[in-house]
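Written out below as structure tokens is the structure these notes cover.
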Amino acid sequence: MEIQIERHPTSDKLEKLGVFNWSIWTKEVSEFPWSYDQTETCYFLAGEVTVTPKNGIPIKMAKGDLVTFPLGLFCTW
């Protein structure tokens with residue numbers, strides 16, 4: 001299970017995925033556990049975050065990153 005990060009995808013790719021029609025989720029600075037019961041893709045509009053997969057290495061992602069989290073991933077945000 002691997003988190004996939006595409007740094008600064010093209011506007012065309014974002015439009016084809018419909019990113020600009022996705023709902024926006026915001027969160028104050030915090031740390032919390034999370035798991036994925038389906039594959040989920042997000043696009044970071046602002047900020048920076050570190051996600052640590054269970055028994056894995058911390059991964060940093062930030063504004064402009066298109067990130068896909070796999071089904072079954074357990075992690076800490």
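By order of appearance in the structure tokens: chains A, B, ..., then residues from 1 within every chain, and ligands from 1 in the order shown.
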
Using DSSP assignments from the backbone, pull out every residue in chain A that falls under alpha helix (DSSP H) and give it to me as number ranges by chain. A: 11-17

Output N, CA and C atoms of each residue in that selection to a file, as a tab-separated table (two decimals), in the first residue's frame.
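What follows is the written file result23.tsv:
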chain	number	residue	atom	x	y	z
A	11	SER	N	-2.97	21.86	-15.20
A	11	SER	CA	-4.35	22.32	-15.08
A	11	SER	C	-5.28	21.43	-15.89
A	12	ASP	N	-4.82	20.97	-17.05
A	12	ASP	CA	-5.63	20.07	-17.88
A	12	ASP	C	-5.96	18.79	-17.12
A	13	LYS	N	-4.99	18.21	-16.45
A	13	LYS	CA	-5.23	16.98	-15.70
A	13	LYS	C	-6.23	17.24	-14.58
A	14	LEU	N	-6.05	18.34	-13.86
A	14	LEU	CA	-6.96	18.68	-12.76
A	14	LEU	C	-8.38	18.88	-13.27
A	15	GLU	N	-8.52	19.53	-14.42
A	15	GLU	CA	-9.85	19.74	-15.00
A	15	GLU	C	-10.48	18.41	-15.41
A	16	LYS	N	-9.70	17.52	-16.03
A	16	LYS	CA	-10.22	16.22	-16.45
A	16	LYS	C	-10.70	15.40	-15.26
A	17	LEU	N	-10.02	15.52	-14.12
A	17	LEU	CA	-10.42	14.81	-12.90
A	17	LEU	C	-11.61	15.46	-12.20

Residues at most 12 Å from segment 45-54 of chain A, counting only C-alpha atoms, excluding those fewer than 5 positions away in the same chain, as a ChimeraX atom specification? /A:1-5,8,14,19-20,22-36,59-67,69-70,72-77

Which is closer to Glu6 of chain A than all the others in A:Cys42, A:Gly56, A:Gly18, A:Leu71, using only C-alpha atoms?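 With only C-alpha atoms as the atom set, the closest residue is A:Cys42.
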
Quick one: pick out all strand (DSSP E or B) residues within chain A from a backbone DSSP run and write them as a count of residues only. 29
